[in-house]
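J.: Take a look at my_file_36.cif, mmCIF, C-alpha atoms, pLDDT in the B column; chains and numbers go by the auth columns:
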```
data_my_file
#
loop_
_atom_site.group_PDB
_atom_site.id
_atom_site.type_symbol
_atom_site.label_atom_id
_atom_site.label_comp_id
_atom_site.label_asym_id
_atom_site.label_seq_id
_atom_site.Cartn_x
_atom_site.Cartn_y
_atom_site.Cartn_z
_atom_site.B_iso_or_equiv
_atom_site.auth_seq_id
_atom_site.auth_asym_id
ATOM 1 C CA MET A 1 -11.688 -16.406 -20.132 41.00 1 S
ATOM 2 C CA PRO A 2 -10.118 -16.336 -23.636 46.00 2 S
ATOM 3 C CA LEU A 3 -6.492 -16.209 -22.531 50.00 3 S
ATOM 4 C CA LEU A 4 -6.691 -19.020 -20.019 54.00 4 S
ATOM 5 C CA ASP A 5 -9.373 -21.416 -21.185 53.00 5 S
ATOM 6 C CA LYS A 6 -8.697 -24.360 -23.471 50.00 6 S
ATOM 7 C CA THR A 7 -7.804 -22.010 -26.329 52.00 7 S
ATOM 8 C CA LEU A 8 -4.359 -21.362 -24.850 61.00 8 S
ATOM 9 C CA SER A 9 -2.468 -24.038 -22.973 70.00 9 S
ATOM 10 C CA PRO A 10 0.089 -23.281 -20.262 74.00 10 S
ATOM 11 C CA ALA A 11 2.772 -23.999 -22.857 77.00 11 S
ATOM 12 C CA VAL A 12 1.410 -21.333 -25.186 78.00 12 S
ATOM 13 C CA ILE A 13 1.143 -18.812 -22.338 80.00 13 S
ATOM 14 C CA ALA A 14 4.764 -19.565 -21.465 80.00 14 S
ATOM 15 C CA GLU A 15 5.754 -19.050 -25.121 81.00 15 S
ATOM 16 C CA ILE A 16 4.123 -15.614 -25.073 82.00 16 S
ATOM 17 C CA PHE A 17 5.398 -14.310 -21.745 83.00 17 S
ATOM 18 C CA ASP A 18 8.483 -16.286 -20.624 84.00 18 S
ATOM 19 C CA HIS A 19 10.964 -14.337 -22.766 84.00 19 S
ATOM 20 C CA LEU A 20 9.754 -10.839 -21.831 84.00 20 S
ATOM 21 C CA ASP A 21 12.099 -8.637 -19.813 82.00 21 S
ATOM 22 C CA VAL A 22 9.262 -7.152 -17.767 86.00 22 S
ATOM 23 C CA GLU A 23 7.424 -8.877 -14.941 88.00 23 S
ATOM 24 C CA VAL A 24 4.245 -10.712 -15.923 91.00 24 S
ATOM 25 C CA HIS A 25 1.978 -12.467 -13.454 90.00 25 S
ATOM 26 C CA ILE A 26 -1.516 -13.775 -14.064 92.00 26 S
ATOM 27 C CA TRP A 27 -4.033 -14.131 -11.238 93.00 27 S
ATOM 28 C CA LYS A 28 -7.495 -15.674 -10.895 94.00 28 S
ATOM 29 C CA LEU A 29 -10.127 -14.078 -8.694 95.00 29 S
ATOM 30 C CA VAL A 30 -11.476 -15.994 -5.712 95.00 30 S
ATOM 31 C CA LYS A 31 -15.074 -14.976 -4.986 94.00 31 S
ATOM 32 C CA ASP A 32 -17.641 -15.758 -2.292 93.00 32 S
ATOM 33 C CA ASN A 33 -21.174 -17.066 -2.896 93.00 33 S
ATOM 34 C CA GLN A 34 -22.421 -13.532 -3.548 92.00 34 S
ATOM 35 C CA GLY A 35 -19.812 -12.954 -6.243 90.00 35 S
ATOM 36 C CA SER A 36 -17.726 -10.534 -4.184 93.00 36 S
ATOM 37 C CA ILE A 37 -13.936 -10.645 -4.509 94.00 37 S
ATOM 38 C CA VAL A 38 -12.344 -12.415 -1.527 95.00 38 S
ATOM 39 C CA THR A 39 -8.757 -12.626 -2.819 96.00 39 S
ATOM 40 C CA TRP A 40 -6.899 -13.919 -5.892 95.00 40 S
ATOM 41 C CA GLU A 41 -4.615 -16.845 -6.590 94.00 41 S
ATOM 42 C CA LEU A 42 -1.553 -17.089 -8.822 92.00 42 S
ATOM 43 C CA VAL A 43 -1.972 -18.811 -12.195 90.00 43 S
ATOM 44 C CA TYR A 44 1.299 -17.931 -13.942 90.00 44 S
ATOM 45 C CA ILE A 45 4.509 -15.938 -13.478 88.00 45 S
ATOM 46 C CA ASN A 46 7.370 -15.506 -15.928 88.00 46 S
ATOM 47 C CA PRO A 47 11.002 -16.184 -14.944 86.00 47 S
ATOM 48 C CA ILE A 48 12.001 -12.533 -14.469 84.00 48 S
ATOM 49 C CA THR A 49 9.202 -12.135 -11.903 84.00 49 S
ATOM 50 C CA LEU A 50 10.394 -15.166 -9.987 80.00 50 S
ATOM 51 C CA ASN A 51 13.891 -13.709 -9.850 79.00 51 S
ATOM 52 C CA SER A 52 12.560 -10.309 -8.755 75.00 52 S
ATOM 53 C CA TRP A 53 10.566 -11.890 -5.937 75.00 53 S
ATOM 54 C CA GLY A 54 13.689 -13.763 -4.819 72.00 54 S
ATOM 55 C CA LEU A 55 11.959 -17.143 -4.962 69.00 55 S
ATOM 56 C CA PRO A 56 13.483 -20.346 -6.389 66.00 56 S
ATOM 57 C CA PHE A 57 10.556 -22.435 -7.664 66.00 57 S
ATOM 58 C CA ILE A 58 7.481 -21.549 -9.712 69.00 58 S
ATOM 59 C CA GLY A 59 5.672 -24.783 -8.889 70.00 59 S
ATOM 60 C CA ASP A 60 5.490 -23.929 -5.193 77.00 60 S
ATOM 61 C CA LEU A 61 3.606 -20.691 -5.953 84.00 61 S
ATOM 62 C CA ILE A 62 0.992 -21.641 -8.543 87.00 62 S
ATOM 63 C CA GLY A 63 -2.466 -21.872 -6.979 89.00 63 S
ATOM 64 C CA LYS A 64 -1.505 -19.924 -3.871 92.00 64 S
ATOM 65 C CA THR A 65 -3.286 -16.721 -2.890 93.00 65 S
ATOM 66 C CA THR A 66 -1.562 -13.366 -2.589 90.00 66 S
ATOM 67 C CA GLU A 67 -1.783 -13.692 1.210 90.00 67 S
ATOM 68 C CA GLU A 68 0.002 -17.040 1.111 89.00 68 S
ATOM 69 C CA ILE A 69 2.777 -15.634 -1.086 85.00 69 S
ATOM 70 C CA PHE A 70 3.281 -12.121 0.314 83.00 70 S
ATOM 71 C CA GLY A 71 1.813 -12.394 3.805 83.00 71 S
ATOM 72 C CA GLU A 72 -1.169 -11.065 5.727 88.00 72 S
ATOM 73 C CA GLY A 73 -2.637 -7.811 4.449 90.00 73 S
ATOM 74 C CA SER A 74 -1.610 -8.314 0.821 88.00 74 S
ATOM 75 C CA THR A 75 -5.189 -8.628 -0.410 92.00 75 S
ATOM 76 C CA GLU A 76 -6.356 -5.465 1.334 93.00 76 S
ATOM 77 C CA HIS A 77 -3.286 -3.584 0.123 90.00 77 S
ATOM 78 C CA TYR A 78 -4.355 -4.062 -3.513 91.00 78 S
ATOM 79 C CA ARG A 79 -8.126 -4.578 -3.090 94.00 79 S
ATOM 80 C CA ASP A 80 -9.105 -1.056 -4.193 94.00 80 S
ATOM 81 C CA ILE A 81 -7.044 -1.372 -7.379 93.00 81 S
ATOM 82 C CA ILE A 82 -8.355 -4.820 -8.292 95.00 82 S
ATOM 83 C CA GLU A 83 -11.981 -3.863 -7.609 95.00 83 S
ATOM 84 C CA LYS A 84 -11.483 -0.699 -9.666 94.00 84 S
ATOM 85 C CA VAL A 85 -10.168 -2.459 -12.792 94.00 85 S
ATOM 86 C CA PHE A 86 -12.978 -5.019 -12.734 94.00 86 S
ATOM 87 C CA ALA A 87 -15.679 -2.449 -11.989 93.00 87 S
ATOM 88 C CA GLU A 88 -14.497 -0.253 -14.881 93.00 88 S
ATOM 89 C CA ASN A 89 -13.265 -3.165 -17.052 92.00 89 S
ATOM 90 C CA GLU A 90 -10.191 -1.121 -17.942 91.00 90 S
ATOM 91 C CA SER A 91 -6.457 -1.366 -17.369 90.00 91 S
ATOM 92 C CA PHE A 92 -4.857 0.684 -14.582 92.00 92 S
ATOM 93 C CA ASN A 93 -1.295 1.953 -14.011 90.00 93 S
ATOM 94 C CA PHE A 94 0.128 2.404 -10.531 90.00 94 S
ATOM 95 C CA LYS A 95 3.372 2.462 -8.545 89.00 95 S
ATOM 96 C CA ASP A 96 4.282 0.589 -5.373 86.00 96 S
ATOM 97 C CA TYR A 97 7.212 0.120 -3.009 85.00 97 S
ATOM 98 C CA PHE A 98 8.242 -3.266 -1.571 76.00 98 S
ATOM 99 C CA PRO A 99 10.151 -2.785 1.717 77.00 99 S
ATOM 100 C CA LYS A 100 11.425 -6.388 1.835 73.00 100 S
ATOM 101 C CA LEU A 101 12.992 -5.966 -1.621 73.00 101 S
ATOM 102 C CA ASP A 102 13.743 -2.245 -1.154 80.00 102 S
ATOM 103 C CA LYS A 103 12.497 -1.688 -4.701 82.00 103 S
ATOM 104 C CA HIS A 104 10.005 0.609 -6.408 85.00 104 S
ATOM 105 C CA PHE A 105 7.878 -0.784 -9.244 84.00 105 S
ATOM 106 C CA LYS A 106 5.524 0.598 -11.880 88.00 106 S
ATOM 107 C CA PHE A 107 2.656 -1.805 -12.604 90.00 107 S
ATOM 108 C CA THR A 108 -0.104 -2.148 -15.184 91.00 108 S
ATOM 109 C CA THR A 109 -3.080 -4.383 -14.366 93.00 109 S
ATOM 110 C CA ILE A 110 -5.431 -5.568 -17.133 92.00 110 S
ATOM 111 C CA PRO A 111 -8.703 -7.450 -16.355 92.00 111 S
ATOM 112 C CA PHE A 112 -9.892 -10.444 -18.404 87.00 112 S
ATOM 113 C CA GLY A 113 -13.051 -12.191 -17.218 87.00 113 S
ATOM 114 C CA ASP A 114 -12.275 -13.610 -13.763 91.00 114 S
ATOM 115 C CA TYR A 115 -8.544 -13.178 -14.312 92.00 115 S
ATOM 116 C CA PHE A 116 -6.145 -10.262 -14.450 93.00 116 S
ATOM 117 C CA ILE A 117 -2.654 -9.806 -15.838 91.00 117 S
ATOM 118 C CA THR A 118 -0.178 -7.542 -14.067 92.00 118 S
ATOM 119 C CA THR A 119 3.028 -6.386 -15.732 89.00 119 S
ATOM 120 C CA GLY A 120 5.740 -4.582 -13.793 85.00 120 S
ATOM 121 C CA SER A 121 9.075 -2.817 -14.205 83.00 121 S
ATOM 122 C CA ASP A 122 11.665 -1.897 -11.577 82.00 122 S
ATOM 123 C CA ILE A 123 11.856 1.922 -11.429 82.00 123 S
ATOM 124 C CA SER A 124 14.016 2.105 -8.295 81.00 124 S
ATOM 125 C CA GLU A 125 16.858 3.846 -10.129 83.00 125 S
ATOM 126 C CA PHE A 126 14.561 6.596 -11.424 80.00 126 S
ATOM 127 C CA VAL A 127 12.950 7.042 -7.991 75.00 127 S
ATOM 128 C CA GLN A 128 16.375 7.416 -6.359 79.00 128 S
ATOM 129 C CA GLU A 129 17.398 10.041 -8.916 80.00 129 S
ATOM 130 C CA GLU A 130 14.166 11.913 -8.296 78.00 130 S
ATOM 131 C CA GLU A 131 14.675 11.816 -4.508 78.00 131 S
ATOM 132 C CA GLN A 132 18.237 13.101 -4.866 80.00 132 S
ATOM 133 C CA ALA A 133 17.031 15.953 -7.056 78.00 133 S
ATOM 134 C CA LYS A 134 14.285 16.790 -4.539 81.00 134 S
ATOM 135 C CA LEU A 135 16.888 16.866 -1.755 79.00 135 S
ATOM 136 C CA LYS A 136 18.967 19.288 -3.799 81.00 136 S
ATOM 137 C CA ILE A 137 15.904 21.508 -4.260 79.00 137 S
ATOM 138 C CA SER A 138 15.259 21.374 -0.519 78.00 138 S
ATOM 139 C CA LEU A 139 18.838 22.451 0.211 78.00 139 S
ATOM 140 C CA LEU A 140 18.585 25.262 -2.315 76.00 140 S
ATOM 141 C CA ASP A 141 15.323 26.383 -0.755 77.00 141 S
ATOM 142 C CA SER A 142 16.926 26.356 2.712 74.00 142 S
ATOM 143 C CA GLU A 143 19.749 28.499 1.402 73.00 143 S
ATOM 144 C CA ARG A 144 17.232 30.925 -0.043 73.00 144 S
ATOM 145 C CA GLN A 145 15.478 31.238 3.300 71.00 145 S
ATOM 146 C CA ALA A 146 18.768 31.885 5.106 67.00 146 S
ATOM 147 C CA ASP A 147 19.838 34.504 2.566 65.00 147 S
ATOM 148 C CA LYS A 148 16.652 36.523 2.988 64.00 148 S
ATOM 149 C CA ALA A 149 18.238 38.331 5.952 62.00 149 S
ATOM 150 C CA SER A 150 21.162 39.638 3.897 63.00 150 S
ATOM 151 C CA LEU A 151 21.271 42.972 2.084 55.00 151 S
ATOM 152 C CA ASN A 152 21.257 41.312 -1.296 62.00 152 S
ATOM 153 C CA LYS A 153 18.446 38.920 -0.336 66.00 153 S
ATOM 154 C CA LEU A 154 16.253 39.904 -3.292 61.00 154 S
ATOM 155 C CA GLU A 155 18.911 39.114 -5.877 67.00 155 S
ATOM 156 C CA LEU A 156 19.850 35.886 -4.137 65.00 156 S
ATOM 157 C CA ALA A 157 16.198 34.869 -3.821 63.00 157 S
ATOM 158 C CA LEU A 158 15.644 35.458 -7.535 66.00 158 S
ATOM 159 C CA ASP A 159 18.754 33.488 -8.468 72.00 159 S
ATOM 160 C CA THR A 160 17.831 30.632 -6.136 73.00 160 S
ATOM 161 C CA GLN A 161 14.246 30.581 -7.426 71.00 161 S
ATOM 162 C CA LYS A 162 15.608 30.291 -10.935 76.00 162 S
ATOM 163 C CA LEU A 163 17.782 27.356 -9.844 70.00 163 S
ATOM 164 C CA ILE A 164 14.780 25.740 -8.179 72.00 164 S
ATOM 165 C CA GLU A 165 12.701 26.098 -11.342 74.00 165 S
ATOM 166 C CA GLU A 166 15.571 24.656 -13.373 73.00 166 S
ATOM 167 C CA GLU A 167 15.872 21.711 -10.958 72.00 167 S
ATOM 168 C CA LYS A 168 12.101 21.181 -11.089 71.00 168 S
ATOM 169 C CA ASP A 169 12.319 21.003 -14.876 74.00 169 S
ATOM 170 C CA LYS A 170 15.257 18.586 -14.654 74.00 170 S
ATOM 171 C CA ILE A 171 13.304 16.346 -12.253 71.00 171 S
ATOM 172 C CA TYR A 172 10.314 16.350 -14.562 63.00 172 S
ATOM 173 C CA GLN A 173 12.400 15.656 -17.666 72.00 173 S
ATOM 174 C CA ALA A 174 14.335 12.874 -15.902 67.00 174 S
ATOM 175 C CA THR A 175 11.125 11.321 -14.579 71.00 175 S
ATOM 176 C CA LEU A 176 9.460 11.658 -17.989 64.00 176 S
ATOM 177 C CA HIS A 177 12.462 10.094 -19.711 68.00 177 S
ATOM 178 C CA GLY A 178 12.418 7.169 -17.298 62.00 178 S
ATOM 179 C CA ALA A 179 8.660 6.720 -17.712 68.00 179 S
ATOM 180 C CA GLN A 180 8.975 6.858 -21.520 68.00 180 S
ATOM 181 C CA HIS A 181 11.708 4.235 -21.435 66.00 181 S
ATOM 182 C CA ILE A 182 9.568 1.907 -19.332 68.00 182 S
ATOM 183 C CA VAL A 183 6.323 2.535 -21.229 68.00 183 S
ATOM 184 C CA PHE A 184 7.825 2.229 -24.719 72.00 184 S
ATOM 185 C CA ASN A 185 9.569 -0.973 -23.665 71.00 185 S
ATOM 186 C CA LEU A 186 6.240 -2.289 -22.414 71.00 186 S
ATOM 187 C CA LEU A 187 4.556 -1.263 -25.695 70.00 187 S
ATOM 188 C CA ASN A 188 7.223 -3.142 -27.666 74.00 188 S
ATOM 189 C CA GLN A 189 6.614 -6.214 -25.517 72.00 189 S
ATOM 190 C CA LEU A 190 2.868 -5.754 -26.042 72.00 190 S
ATOM 191 C CA GLN A 191 3.401 -5.718 -29.804 76.00 191 S
ATOM 192 C CA TRP A 192 5.288 -9.007 -29.526 74.00 192 S
ATOM 193 C CA VAL A 193 2.440 -10.502 -27.510 76.00 193 S
ATOM 194 C CA THR A 194 -0.044 -9.346 -30.165 75.00 194 S
ATOM 195 C CA LEU A 195 2.022 -10.865 -32.983 78.00 195 S
ATOM 196 C CA THR A 196 2.315 -14.122 -31.070 78.00 196 S
ATOM 197 C CA LEU A 197 -1.427 -14.266 -30.343 74.00 197 S
ATOM 198 C CA GLN A 198 -2.189 -13.771 -34.043 77.00 198 S
ATOM 199 C CA LYS A 199 -0.879 -17.268 -34.656 77.00 199 S
ATOM 200 C CA TYR A 200 -3.924 -18.635 -32.820 75.00 200 S
ATOM 201 C CA PRO A 201 -7.122 -18.117 -34.871 76.00 201 S
ATOM 202 C CA ASN A 202 -9.415 -18.882 -31.932 76.00 202 S
ATOM 203 C CA ILE A 203 -8.386 -15.753 -30.037 73.00 203 S
ATOM 204 C CA GLU A 204 -11.313 -13.359 -29.834 76.00 204 S
ATOM 205 C CA GLN A 205 -10.950 -10.066 -31.741 79.00 205 S
ATOM 206 C CA ASP A 206 -11.882 -8.227 -28.553 77.00 206 S
ATOM 207 C CA ILE A 207 -8.511 -9.199 -27.078 75.00 207 S
ATOM 208 C CA PHE A 208 -6.644 -7.608 -29.991 73.00 208 S
ATOM 209 C CA ASP A 209 -8.860 -4.511 -29.788 77.00 209 S
ATOM 210 C CA ARG A 210 -8.132 -4.133 -26.067 76.00 210 S
ATOM 211 C CA LEU A 211 -4.386 -4.523 -26.585 73.00 211 S
ATOM 212 C CA ASP A 212 -4.397 -2.054 -29.481 78.00 212 S
ATOM 213 C CA ASN A 213 -6.486 0.502 -27.562 78.00 213 S
ATOM 214 C CA PHE A 214 -4.263 0.174 -24.506 76.00 214 S
ATOM 215 C CA GLY A 215 -1.166 0.814 -26.599 73.00 215 S
ATOM 216 C CA SER A 216 -2.673 3.832 -28.384 79.00 216 S
ATOM 217 C CA GLU A 217 -4.045 5.396 -25.196 74.00 217 S
ATOM 218 C CA THR A 218 -0.754 4.900 -23.347 75.00 218 S
ATOM 219 C CA LYS A 219 1.288 6.510 -26.147 76.00 219 S
ATOM 220 C CA GLN A 220 -1.149 9.429 -26.310 77.00 220 S
ATOM 221 C CA LEU A 221 -0.830 10.037 -22.570 70.00 221 S
ATOM 222 C CA MET A 222 2.974 9.996 -22.801 73.00 222 S
ATOM 223 C CA ASP A 223 2.830 12.520 -25.673 77.00 223 S
ATOM 224 C CA GLN A 224 0.561 14.760 -23.590 75.00 224 S
ATOM 225 C CA LEU A 225 2.950 14.589 -20.641 68.00 225 S
ATOM 226 C CA ALA A 226 5.902 15.423 -22.899 74.00 226 S
ATOM 227 C CA ALA A 227 4.042 18.505 -24.171 75.00 227 S
ATOM 228 C CA VAL A 228 3.698 20.067 -20.692 68.00 228 S
ATOM 229 C CA ASP A 229 5.465 23.456 -20.809 71.00 229 S
ATOM 230 C CA GLN A 230 4.755 24.574 -17.233 70.00 230 S
ATOM 231 C CA VAL A 231 6.031 22.146 -14.613 66.00 231 S
ATOM 232 C CA ASP A 232 3.518 22.296 -11.794 67.00 232 S
ATOM 233 C CA ALA A 233 1.080 19.787 -10.310 66.00 233 S
ATOM 234 C CA GLU A 234 -2.020 21.343 -11.898 71.00 234 S
ATOM 235 C CA ALA A 235 -0.549 21.498 -15.401 66.00 235 S
ATOM 236 C CA ILE A 236 0.668 17.893 -15.227 65.00 236 S
ATOM 237 C CA LYS A 237 -2.705 16.629 -13.943 64.00 237 S
ATOM 238 C CA LYS A 238 -4.532 18.618 -16.604 68.00 238 S
ATOM 239 C CA SER A 239 -2.355 17.179 -19.384 61.00 239 S
ATOM 240 C CA VAL A 240 -3.573 13.621 -18.721 57.00 240 S
ATOM 241 C CA LYS A 241 -7.085 14.451 -17.501 62.00 241 S
ATOM 242 C CA PRO A 242 -9.765 12.620 -19.517 63.00 242 S
ATOM 243 C CA LYS A 243 -11.362 14.913 -22.075 60.00 243 S
#
```
Just give me the structure of the file as C-alpha cells.
T.:
Amino acid sequence: MPLLDKTLSPAVIAEIFDHLDVEVHIWKLVKDNQGSIVTWELVYINPITLNSWGLPFIGDLIGKTTEEIFGEGSTEHYRDIIEKVFAENESFNFKDYFPKLDKHFKFTTIPFGDYFITTGSDISEFVQEEEQAKLKISLLDSERQADKASLNKLELALDTQKLIEEEKDKIYQATLHGAQHIVFNLLNQLQWVTLTLQKYPNIEQDIFDRLDNFGSETKQLMDQLAAVDQVDAEAIKKSVKPK
C-alpha cells in the first residue's frame, strides 16, 4: 500500500496527520485464508482522536483490533461499511453515535489496498440543535391538532403549517451550514495533506488523483444540497442522487 509501505515512514505519516484538528485513524484489514475480511487492526491515530476516545496512550492501541479497543460487536457494527468501500473501491461518508462518549460523529472512510483511513468530526452540537428544532415542530404540530376543533381552526392550521414549513427550512439550513463547516474544514485539511505528500516524489499519482476527485465530488454534492429549494425528503435525496 503506497501510504504505509516503505515509501512513508511512521514519522512522515505523523507529520501529515498529527496536526490536523479532525480525527484520523488508519486501519489494516485482517483476512482469513480465503481473503475474506475478519476484522481490522489499528495502525495509526492522531492525537485529537486519542483525546476524543478518552484514552491516554497511543502505544497501547497500535496493533489491536477494533474488538479489542471498542469491545465485542465492533467489527459487525461497521462490517457493511468496510466491505462496501473495498468492494466499490470508493470513499464513503456516514454518521454514528457513541453511547459511552454521548457524542455524534460524521465519518469519511477511504480505502487504500489492504488499509483504510477514517476521518471524523464531532457533530454533536449540530445534532442537538436539530433535535431541539424537531421538538419545536412536534409541539407546533400538536398545537395545530388541538386547534382543529375551534371555530377558527382553518386559519390556525394554515398559520401553524406556515410555521412548520419555516422551522423545516431553518432545520435544513442549520444542518446544511453545520455540514458545510465540517466538510469545508475537511477539504482544507485534505489540501494540506496533498501539499505535504507532494514533497515525496515516490507517491503514486493515483493517490493525488483520488484525493483530488474526492475533494471535487464532495464540494459538488454540497453545492447540490445548497441548491435545494423544496425541503422534503425526496427533493434532498434527488439532489445528491448519482446522475
J.: Which neighbours of Pro47 (chain S) fall inside 12 Å, counting all atoms listed in the file, when residues of the same chain fewer than 4 positions from it are skipped, and could you give them as a VMD selection string?
T.: chain S and resid 14 to 15 17 to 25 51 to 59
J.: If I take CA of Asp229 (chain S) and CA of Glu165 (chain S), how far is one from the other in Å, to one decimal?
T.: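 Atom-to-atom, CA of Asp229 (chain S) and CA of Glu165 (chain S) are spaced 12.2 Å apart.
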J.: Which of these residues is nearest to Lys219 (chain S), using only C-alpha atoms: S:Val30, S:Ile123, S:Leu187, S:Leu139?
T.: S:Leu187
J.: Report, in Å with one decimal, the straight-line distance from CA of Ser216 (chain S) to CA of Phe86 (chain S).
T.: 20.7 Å
J.: Could you tell me how far CA of Thr218 (chain S) sits from CA of Phe116 (chain S), in Å to one decimal place?
T.: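 Separation between CA of Phe116 (chain S) and CA of Thr218 (chain S): 18.4 Å.
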J.: If the PyMOL selection byres ((chain S and resi 26) around 9) is run on the structure shown, which residues does it catch, given as JSON, numbers by chain?
T.: {"S": [24, 25, 27, 28, 41, 42, 43, 44, 45, 115, 116, 117, 118, 119]}
J.: Given the file above and the PyMOL selection byres ((chain S and resi 140) around 12), which residues are selected, and can you give them as a list in words?
T.: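 With the PyMOL selection byres ((chain S and resi 140) around 12) on this model, the match is Ala133, Lys134, Leu135, Lys136, Ile137, Ser138, Leu139, Asp141, Ser142, Glu143, Arg144, Gln145, Ala146, Asp147, Leu156, Ala157, Leu158, Asp159, Thr160, Gln161, Lys162, Leu163, Ile164, Glu165, Glu166, Glu167 and Lys168 of chain S.
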J.: Could you write out as lines of an AutoDock Vina configuration file the box around region 42-47 of chain S (axis-aligned, all atoms listed in the file, 5 Å on each side), with centre and edge lengths in Å to one decimal?
T.:
```
center_x = 4.5
center_y = -17.2
center_z = -12.4
size_x = 23.0
size_y = 13.3
size_z = 17.1
```
J.: Identify which of the residues S:Ile110, S:Glu131, S:Gly71, S:Leu101 lies closest to Lys84 (chain S), counting only C-alpha atoms when measuring atom-to-atom distances.
T.: S:Ile110
J.: Is it possible to add N, CA and C atoms to region 111-129 of chain S and hand it back as a PDB file, in the coordinates of the input?
T.:
```pdb
ATOM      1  N   PRO S 111      -7.725  -6.407 -16.701  1.00 92.00           N
ATOM      2  CA  PRO S 111      -8.703  -7.450 -16.355  1.00 92.00           C
ATOM      3  C   PRO S 111      -9.150  -8.254 -17.579  1.00 92.00           C
ATOM      4  N   PHE S 112      -9.346  -9.562 -17.383  1.00 87.00           N
ATOM      5  CA  PHE S 112      -9.892 -10.444 -18.404  1.00 87.00           C
ATOM      6  C   PHE S 112     -10.816 -11.450 -17.723  1.00 87.00           C
ATOM      7  N   GLY S 113     -12.124 -11.252 -17.842  1.00 87.00           N
ATOM      8  CA  GLY S 113     -13.051 -12.191 -17.218  1.00 87.00           C
ATOM      9  C   GLY S 113     -12.838 -12.239 -15.718  1.00 87.00           C
ATOM     10  N   ASP S 114     -12.559 -13.439 -15.189  1.00 91.00           N
ATOM     11  CA  ASP S 114     -12.275 -13.610 -13.763  1.00 91.00           C
ATOM     12  C   ASP S 114     -10.774 -13.641 -13.487  1.00 91.00           C
ATOM     13  N   TYR S 115      -9.991 -13.198 -14.452  1.00 92.00           N
ATOM     14  CA  TYR S 115      -8.544 -13.178 -14.312  1.00 92.00           C
ATOM     15  C   TYR S 115      -8.029 -11.746 -14.514  1.00 92.00           C
ATOM     16  N   PHE S 116      -6.804 -11.515 -14.088  1.00 93.00           N
ATOM     17  CA  PHE S 116      -6.145 -10.262 -14.450  1.00 93.00           C
ATOM     18  C   PHE S 116      -4.653 -10.509 -14.631  1.00 93.00           C
ATOM     19  N   ILE S 117      -4.084  -9.740 -15.558  1.00 91.00           N
ATOM     20  CA  ILE S 117      -2.654  -9.806 -15.838  1.00 91.00           C
ATOM     21  C   ILE S 117      -2.014  -8.542 -15.290  1.00 91.00           C
ATOM     22  N   THR S 118      -0.925  -8.704 -14.558  1.00 92.00           N
ATOM     23  CA  THR S 118      -0.178  -7.542 -14.067  1.00 92.00           C
ATOM     24  C   THR S 118       1.231  -7.600 -14.624  1.00 92.00           C
ATOM     25  N   THR S 119       1.651  -6.506 -15.264  1.00 89.00           N
ATOM     26  CA  THR S 119       3.028  -6.386 -15.732  1.00 89.00           C
ATOM     27  C   THR S 119       3.725  -5.336 -14.875  1.00 89.00           C
ATOM     28  N   GLY S 120       5.017  -5.511 -14.664  1.00 85.00           N
ATOM     29  CA  GLY S 120       5.740  -4.582 -13.793  1.00 85.00           C
ATOM     30  C   GLY S 120       7.172  -4.358 -14.225  1.00 85.00           C
ATOM     31  N   SER S 121       7.677  -3.157 -13.932  1.00 83.00           N
ATOM     32  CA  SER S 121       9.075  -2.817 -14.205  1.00 83.00           C
ATOM     33  C   SER S 121       9.680  -2.162 -12.970  1.00 83.00           C
ATOM     34  N   ASP S 122      10.937  -2.473 -12.706  1.00 82.00           N
ATOM     35  CA  ASP S 122      11.665  -1.897 -11.577  1.00 82.00           C
ATOM     36  C   ASP S 122      12.070  -0.464 -11.928  1.00 82.00           C
ATOM     37  N   ILE S 123      11.539   0.510 -11.178  1.00 82.00           N
ATOM     38  CA  ILE S 123      11.856   1.922 -11.429  1.00 82.00           C
ATOM     39  C   ILE S 123      12.663   2.509 -10.266  1.00 82.00           C
ATOM     40  N   SER S 124      13.289   1.647  -9.486  1.00 81.00           N
ATOM     41  CA  SER S 124      14.016   2.105  -8.295  1.00 81.00           C
ATOM     42  C   SER S 124      15.080   3.142  -8.640  1.00 81.00           C
ATOM     43  N   GLU S 125      15.792   2.926  -9.742  1.00 83.00           N
ATOM     44  CA  GLU S 125      16.858   3.846 -10.129  1.00 83.00           C
ATOM     45  C   GLU S 125      16.303   5.241 -10.404  1.00 83.00           C
ATOM     46  N   PHE S 126      15.154   5.300 -11.106  1.00 80.00           N
ATOM     47  CA  PHE S 126      14.561   6.596 -11.424  1.00 80.00           C
ATOM     48  C   PHE S 126      14.025   7.276 -10.165  1.00 80.00           C
ATOM     49  N   VAL S 127      13.470   6.485  -9.242  1.00 75.00           N
ATOM     50  CA  VAL S 127      12.950   7.042  -7.991  1.00 75.00           C
ATOM     51  C   VAL S 127      14.092   7.625  -7.159  1.00 75.00           C
ATOM     52  N   GLN S 128      15.223   6.921  -7.111  1.00 79.00           N
ATOM     53  CA  GLN S 128      16.375   7.416  -6.359  1.00 79.00           C
ATOM     54  C   GLN S 128      16.896   8.722  -6.935  1.00 79.00           C
ATOM     55  N   GLU S 129      16.943   8.806  -8.278  1.00 80.00           N
ATOM     56  CA  GLU S 129      17.398  10.041  -8.916  1.00 80.00           C
ATOM     57  C   GLU S 129      16.443  11.186  -8.597  1.00 80.00           C
TER      58      GLU S 129
END
```
